[in-house]
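Asks: Pasting a structure here, questions to come.
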Amino acid sequence: MFKTYDVLVDRLLDGASLDRGEALDVLATPDAEVLHLVAAASRLRRANFGDQVKVNYLVNLRSGMCPEDCGYCSQRLGSTAEILSYSWLPAADAVREASAGIRGGASRVCLVASGRGPGDRDVERVATIVEELRTEHPGIEVCACLGLLRDGQAQRLHAAGVDAYNHNLNTAESRYAEICSTHTFDDRVDTVAKARNAGLSPCSGLIVGMGESDDELVDALFALREVGSDSIPVNFLMPFEGTPLADTWLLDPLRCLRILALARMVAPASEVRMAGGREQHLRSLQPLALHVVNSLFLGDYLTSEGQAAEQDLQMIADAGFTVLGADAGSGTAPADGSGTAPAADRSTTALRLRGAGTAQAPNA
């Protein structure tokens, strides 16, 4: 047991790694000490990322129709969630959606498509989108998230200009079979390795709030450290109606802060992102979380609404942080009034009915 959180952080700043006992102690932080934990974790965040927040923007290239049975997912096989369902967006539409996010402040665009994994034709389709996007926005970072990769596909994406590949481990290996039966934890680790070996920055995170124990949560975060994830999105379960985990509400804001602080301490130099579900679970403590994380998604998610993009940007500024790349002209909220309805403090998950796959303006 460490004496204080600051003593622990001093050790981490000196290059030591968090051990299992320390990780479990962080998760057991009493409510009255969570602010002390956040303050200590903030030292790691600022040592590596200063006062900048990296803004990411999701474009759902293909929604629904997935043959995998991941229990948390609204796009899963057998889901009755009334989400938007459509096949591949035309390249021009995808670039237009991405551009909205870039104008809103995003320095990285995440191109996502549902499914077990891409065929070679799908990879070429994404390559075309990336090439057109880079023509219009030469400095933008591009992350692809297309599922399990086959040999050679990561290399093709890298050649097309993709910078990073997202494939989340989601939970501990020991728990994986409880949330999915159509692929394995090792399949996911293999795809992360394929991306890394092809020169793509590995982006891999987890979903919390699915009933995992503290030991399983530590296992998952240590696995992410082992695979060398450069970017760790921490998703908080959004329990969609029509999925096996509907009505699963196991998190509170202080628990979420403990988890984010642990992610920061496990991987001090990795980008830690408060991702899907932050509005529902962190609620009014989202600005406090910015002192631990250095990244978020702007606006909406794949199949659900996020809080208004303008609200995200105002939150960053109010907390004393700056948007990465804002001095290059990003970070300006749209002037057309789109996406102004806040999505915090909900007891249900609001489905995305705007942006990609619709005629409605995106929340960016």
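All residue names refer to the structure tokens as shown: chains lettered A, B, ... in order, residues numbered from 1 in each chain, ligands numbered from 1 in order.
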Taking 2 positions as the minimum chain separation for residues in the same chain, which residues sit within 10 Å of range 33-45 of chain A when counting only C-alpha atoms? Answer as a PyMOL selection string.

Replies: chain A and resi 4-10+12-13+26-31+47-52+254-255+257-258+260-265+267-272+288-294

Asks: Residues near Cys70 in chain A, anyone? I mean within 6 Å using only C-alpha atoms, not counting same-chain ones fewer than 6 positions away, as a list in words.

Replies: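 Final neighbour list, sorted by chain and number: Arg76, Ile179 and Cys180 of chain A.
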
Asks: With the cut-off set at 10 Å and counting only C-alpha atoms, tabulate each residue of range 245-291 of chain A with an atom at most that distance from an atom of range 297-316 of chain A, showing the nearest atom pair and its distance in Å to one decimal, ordered by chain and increasing number, as CSV.

Replies:
residue,atom,partner,partner_atom,distance
A:Arg273,CA,A:Phe297,CA,7.8
A:Met274,CA,A:Phe297,CA,7.6
A:Ala275,CA,A:Phe297,CA,6.1
A:Gly276,CA,A:Tyr301,CA,6.6
A:Gly277,CA,A:Gly306,CA,8.0
A:Arg278,CA,A:Gly306,CA,8.6
A:Glu279,CA,A:Gln307,CA,6.9
A:Gln280,CA,A:Gly306,CA,9.2
A:Gln286,CA,A:Met315,CA,8.3
A:Pro287,CA,A:Met315,CA,6.2
A:Leu288,CA,A:Met315,CA,9.9
A:Leu290,CA,A:Ile316,CA,7.6

Asks: Can you write just those residues out, N, CA, C and O atoms, as a short mmCIF file (atom, residue, chain, number, x, y, z; two decimals), in the first residue's frame?

Replies:
data_model
loop_
_atom_site.label_atom_id
_atom_site.label_comp_id
_atom_site.auth_asym_id
_atom_site.auth_seq_id
_atom_site.Cartn_x
_atom_site.Cartn_y
_atom_site.Cartn_z
N ARG A 273 -9.01 8.53 -23.05
CA ARG A 273 -10.18 9.22 -23.57
C ARG A 273 -11.42 8.84 -22.78
O ARG A 273 -11.69 7.65 -22.59
N MET A 274 -12.17 9.84 -22.31
CA MET A 274 -13.50 9.51 -21.78
C MET A 274 -14.43 9.44 -22.98
O MET A 274 -14.64 10.42 -23.69
N ALA A 275 -14.94 8.25 -23.20
CA ALA A 275 -15.61 7.96 -24.46
C ALA A 275 -17.11 7.77 -24.24
O ALA A 275 -17.73 8.47 -23.44
N GLY A 276 -17.71 6.83 -24.96
CA GLY A 276 -19.15 6.67 -24.94
C GLY A 276 -19.73 6.48 -23.54
O GLY A 276 -19.15 5.77 -22.73
N GLY A 277 -20.85 7.11 -23.28
CA GLY A 277 -21.54 6.97 -22.00
C GLY A 277 -21.09 7.94 -20.94
O GLY A 277 -21.62 7.93 -19.83
N ARG A 278 -20.14 8.82 -21.26
CA ARG A 278 -19.65 9.75 -20.23
C ARG A 278 -20.77 10.66 -19.73
O ARG A 278 -20.82 10.99 -18.54
N GLU A 279 -21.67 11.06 -20.63
CA GLU A 279 -22.75 11.95 -20.23
C GLU A 279 -23.68 11.30 -19.22
O GLU A 279 -24.16 11.94 -18.28
N GLN A 280 -23.94 10.01 -19.41
CA GLN A 280 -24.88 9.30 -18.54
C GLN A 280 -24.27 8.92 -17.20
O GLN A 280 -25.00 8.86 -16.20
N GLN A 286 -18.11 15.44 -15.45
CA GLN A 286 -17.30 15.39 -16.68
C GLN A 286 -16.15 16.40 -16.67
O GLN A 286 -15.03 16.04 -17.04
N PRO A 287 -16.38 17.67 -16.28
CA PRO A 287 -15.26 18.62 -16.29
C PRO A 287 -14.13 18.19 -15.35
O PRO A 287 -12.95 18.41 -15.67
N LEU A 288 -14.47 17.58 -14.22
CA LEU A 288 -13.45 17.10 -13.30
C LEU A 288 -12.62 16.00 -13.94
O LEU A 288 -11.40 15.92 -13.75
N LEU A 290 -11.68 15.79 -16.91
CA LEU A 290 -10.70 16.35 -17.82
C LEU A 290 -9.34 16.57 -17.16
O LEU A 290 -8.32 16.68 -17.84
#

Asks: Can you work out which one of A:Asn363, A:Thr358, A:Thr182, A:Thr322 has the shortest atom-to-atom distance to Ile102 in chain A, counting only C-alpha atoms?

Replies: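 Comparing A:Asn363, A:Thr358, A:Thr182, A:Thr322 against Ile102 in chain A, the winner is A:Asn363.
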
Asks: Counting only C-alpha atoms, figure out which residue out of A:Ala172, A:Ala361, A:Val189, A:Val266 gets nearest to Glu212 in chain A.

Replies: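 Of A:Ala172, A:Ala361, A:Val189, A:Val266, the one nearest Glu212 in chain A, counting only C-alpha atoms, is A:Ala172.
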
Asks: Which one is closest to Pro118 in chain A: A:Thr191, A:Gln360, A:Asn56, A:Ser79? Count only C-alpha atoms.

Replies: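 Under the stated criterion, the closest residue is A:Thr191.
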
Asks: Using only C-alpha atoms, can you tell me which of A:Leu237, A:Cys66, A:Ala98, A:Val192 comes closest to Ala113 in chain A?

Replies: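 Of A:Leu237, A:Cys66, A:Ala98, A:Val192, the one nearest Ala113 in chain A is A:Cys66, counting only C-alpha atoms.
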
Asks: Could you jot down the CA of His137 in chain A to CA of Ser229 in chain A separation for me, Å, one decimal place?

Replies: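 So the answer is 25.8 Å.
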
Asks: Measuring between only C-alpha atoms, which one of A:Gly325, A:Gly242, A:Gly320, A:Gly152 shows the shortest distance to Thr349 in chain A?

Replies: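 Ranking A:Gly325, A:Gly242, A:Gly320, A:Gly152 by distance to Thr349 in chain A, first place goes to A:Gly242.
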
Asks: Between A:Ala92, A:Ala356, A:Asp163, A:Ala193, which is the closest to Arg62 in chain A once you count only C-alpha atoms?

Replies: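 Of the candidates, the smallest distance to Arg62 in chain A is held by A:Ala356.
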
Asks: Residues near Asp187 in chain A, anyone? I mean within 12 Å using only C-alpha atoms, not counting same-chain ones fewer than 5 positions away, as number ranges by chain.

Replies: A: 116-117, 147-150, 167-169, 173, 176, 180-182, 192-194

Asks: Suppose we keep C-alpha atoms; can you now write the selection as a compact mmCIF listing (two decimals), in the first residue's frame?

Replies:
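again.txt, written as the output of this step:
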# COMPACT_ATOMS: atom_id res chain seq x y z
CA ARG A 116 -16.79 -8.86 -38.01
CA GLY A 117 -14.04 -7.44 -40.17
CA GLY A 147 -13.19 -5.03 -36.90
CA LEU A 148 -10.86 -8.00 -37.08
CA LEU A 149 -8.09 -7.59 -39.65
CA ARG A 150 -6.66 -10.16 -42.02
CA HIS A 167 -9.87 -2.31 -31.79
CA ASN A 168 -10.90 -2.44 -28.14
CA LEU A 169 -10.10 -5.38 -25.87
CA GLU A 173 -9.68 -12.20 -21.01
CA TYR A 176 -14.61 -12.24 -22.54
CA CYS A 180 -19.24 -12.46 -26.84
CA SER A 181 -19.28 -15.95 -28.37
CA THR A 182 -18.54 -15.20 -32.03
CA VAL A 192 -4.11 -4.90 -32.30
CA ALA A 193 -0.77 -6.59 -33.04
CA LYS A 194 -1.42 -6.55 -36.80

Asks: Find the residues around Asp120 in chain A up to 12 Å (only C-alpha atoms counted), leave out those fewer than 6 positions away in its own chain, and share them as an mmCIF file with N, CA, C and O atoms, in the first residue's frame.

Replies:
data_model
loop_
_atom_site.group_PDB
_atom_site.id
_atom_site.type_symbol
_atom_site.label_atom_id
_atom_site.label_comp_id
_atom_site.auth_asym_id
_atom_site.auth_seq_id
_atom_site.Cartn_x
_atom_site.Cartn_y
_atom_site.Cartn_z
ATOM 1 N N VAL A 126 -12.505 2.211 -47.791
ATOM 2 C CA VAL A 126 -12.025 3.106 -46.736
ATOM 3 C C VAL A 126 -10.797 3.871 -47.210
ATOM 4 O O VAL A 126 -10.643 5.064 -46.927
ATOM 5 N N ALA A 127 -9.914 3.203 -47.953
ATOM 6 C CA ALA A 127 -8.730 3.877 -48.482
ATOM 7 C C ALA A 127 -9.124 5.065 -49.359
ATOM 8 O O ALA A 127 -8.508 6.148 -49.281
ATOM 9 N N LEU A 146 -12.566 -1.080 -38.085
ATOM 10 C CA LEU A 146 -13.302 -1.888 -39.056
ATOM 11 C C LEU A 146 -13.493 -3.334 -38.612
ATOM 12 O O LEU A 146 -13.992 -4.148 -39.374
ATOM 13 N N LEU A 149 -8.851 -7.750 -38.409
ATOM 14 C CA LEU A 149 -8.090 -7.585 -39.648
ATOM 15 C C LEU A 149 -7.461 -8.892 -40.110
ATOM 16 O O LEU A 149 -7.043 -9.717 -39.291
ATOM 17 N N ARG A 150 -7.382 -9.048 -41.427
ATOM 18 C CA ARG A 150 -6.661 -10.162 -42.022
ATOM 19 C C ARG A 150 -5.276 -9.687 -42.445
ATOM 20 O O ARG A 150 -5.004 -8.486 -42.524
ATOM 21 N N ASP A 151 -4.409 -10.641 -42.748
ATOM 22 C CA ASP A 151 -3.043 -10.308 -43.145
ATOM 23 C C ASP A 151 -3.048 -9.345 -44.329
ATOM 24 O O ASP A 151 -3.783 -9.541 -45.315
ATOM 25 N N GLY A 152 -2.220 -8.314 -44.232
ATOM 26 C CA GLY A 152 -2.047 -7.357 -45.312
ATOM 27 C C GLY A 152 -2.982 -6.166 -45.263
ATOM 28 O O GLY A 152 -2.697 -5.134 -45.892
ATOM 29 N N GLN A 153 -4.091 -6.277 -44.547
ATOM 30 C CA GLN A 153 -5.067 -5.190 -44.560
ATOM 31 C C GLN A 153 -4.564 -3.965 -43.801
ATOM 32 O O GLN A 153 -4.794 -2.825 -44.217
ATOM 33 N N ALA A 154 -3.892 -4.180 -42.680
ATOM 34 C CA ALA A 154 -3.352 -3.046 -41.927
ATOM 35 C C ALA A 154 -2.324 -2.294 -42.761
ATOM 36 O O ALA A 154 -2.274 -1.055 -42.751
ATOM 37 N N GLN A 155 -1.505 -3.034 -43.510
ATOM 38 C CA GLN A 155 -0.501 -2.385 -44.364
ATOM 39 C C GLN A 155 -1.169 -1.521 -45.440
ATOM 40 O O GLN A 155 -0.698 -0.425 -45.742
ATOM 41 N N ARG A 156 -2.268 -2.010 -45.996
ATOM 42 C CA ARG A 156 -2.979 -1.230 -47.028
ATOM 43 C C ARG A 156 -3.571 0.038 -46.422
ATOM 44 O O ARG A 156 -3.504 1.117 -47.034
ATOM 45 N N LEU A 157 -4.131 -0.057 -45.239
ATOM 46 C CA LEU A 157 -4.690 1.119 -44.580
ATOM 47 C C LEU A 157 -3.591 2.138 -44.283
ATOM 48 O O LEU A 157 -3.772 3.348 -44.479
#

Asks: Between CA of Glu124 in chain A and CA of Leu296 in chain A, what is the spacing in Å?

Replies: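 Distance reported for this atom pair: 28.3 Å.
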
Asks: Can you pull out the residues contacting Gly357 in chain A? Cut-off 12 Å, using only C-alpha atoms, and skip same-chain residues under 5 positions away; I want them as a PyMOL selection string.

Replies: chain A and resi 59-64+83-90+93-94+96-97+302-303+352+362

Asks: Would you put the residues from that selection into a file with N, CA and C atoms, as a compact mmCIF listing (two decimals), in the first residue's frame?

Replies:
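What follows is the written file again-v7.txt:
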# COMPACT_ATOMS: atom_id res chain seq x y z
N VAL A 59 -17.26 8.98 -37.30
CA VAL A 59 -18.12 8.87 -38.48
C VAL A 59 -18.48 7.40 -38.63
N ASN A 60 -19.75 7.09 -38.54
CA ASN A 60 -20.22 5.71 -38.66
C ASN A 60 -20.46 5.41 -40.14
N LEU A 61 -19.49 4.75 -40.77
CA LEU A 61 -19.56 4.50 -42.20
C LEU A 61 -20.61 3.47 -42.58
N ARG A 62 -20.84 2.52 -41.68
CA ARG A 62 -21.84 1.47 -41.93
C ARG A 62 -22.46 1.12 -40.58
N SER A 63 -23.77 1.21 -40.47
CA SER A 63 -24.43 1.09 -39.17
C SER A 63 -25.35 -0.12 -39.14
N GLY A 64 -25.24 -0.89 -38.05
CA GLY A 64 -26.11 -2.06 -37.87
C GLY A 64 -25.64 -3.24 -38.69
N ILE A 83 -31.98 1.46 -33.89
CA ILE A 83 -30.90 2.34 -34.34
C ILE A 83 -30.99 2.58 -35.83
N LEU A 84 -30.26 3.59 -36.30
CA LEU A 84 -30.11 3.78 -37.74
C LEU A 84 -29.37 2.58 -38.33
N SER A 85 -29.86 2.09 -39.45
CA SER A 85 -29.22 0.95 -40.10
C SER A 85 -29.04 1.30 -41.58
N TYR A 86 -27.78 1.26 -42.03
CA TYR A 86 -27.51 1.58 -43.43
C TYR A 86 -26.20 0.94 -43.84
N SER A 87 -26.05 0.73 -45.15
CA SER A 87 -24.82 0.20 -45.68
C SER A 87 -23.82 1.34 -45.85
N TRP A 88 -22.73 1.08 -46.57
CA TRP A 88 -21.63 2.03 -46.63
C TRP A 88 -22.05 3.41 -47.12
N LEU A 89 -21.61 4.45 -46.40
CA LEU A 89 -21.80 5.81 -46.87
C LEU A 89 -20.96 6.03 -48.13
N PRO A 90 -21.49 6.76 -49.10
CA PRO A 90 -20.65 7.18 -50.22
C PRO A 90 -19.48 8.01 -49.70
N ASP A 93 -20.16 11.63 -48.84
CA ASP A 93 -20.93 11.81 -47.61
C ASP A 93 -20.04 11.62 -46.38
N ALA A 94 -19.17 10.62 -46.45
CA ALA A 94 -18.27 10.37 -45.33
C ALA A 94 -17.34 11.55 -45.10
N ARG A 96 -17.90 14.64 -45.97
CA ARG A 96 -18.70 15.77 -45.47
C ARG A 96 -18.96 15.64 -43.98
N GLU A 97 -19.30 14.43 -43.52
CA GLU A 97 -19.51 14.21 -42.09
C GLU A 97 -18.23 14.48 -41.30
N LEU A 302 -21.65 6.34 -32.21
CA LEU A 302 -22.02 5.57 -33.40
C LEU A 302 -23.52 5.47 -33.59
N THR A 303 -24.22 5.10 -32.53
CA THR A 303 -25.67 4.90 -32.64
C THR A 303 -26.44 5.65 -31.57
N ARG A 352 -29.13 7.89 -31.83
CA ARG A 352 -28.72 8.90 -32.80
C ARG A 352 -29.63 8.85 -34.02
N PRO A 362 -25.26 17.04 -38.55
CA PRO A 362 -24.58 16.32 -37.48
C PRO A 362 -24.39 17.20 -36.24

Asks: Identify all residues of range 13-221 of chain A in alpha helix (DSSP H) (DSSP on the backbone) and supply them as number ranges by chain.

Replies: A: 13, 20-27, 34-49, 91-103, 120-136, 153-160, 176-179, 185-197, 214-221

Asks: Rounded to one decimal place, report the CA of Gly119 in chain A-CA of Gly78 in chain A distance in Å.

Replies: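 Calculated distance between CA of Gly119 in chain A and CA of Gly78 in chain A is 22.4 Å.
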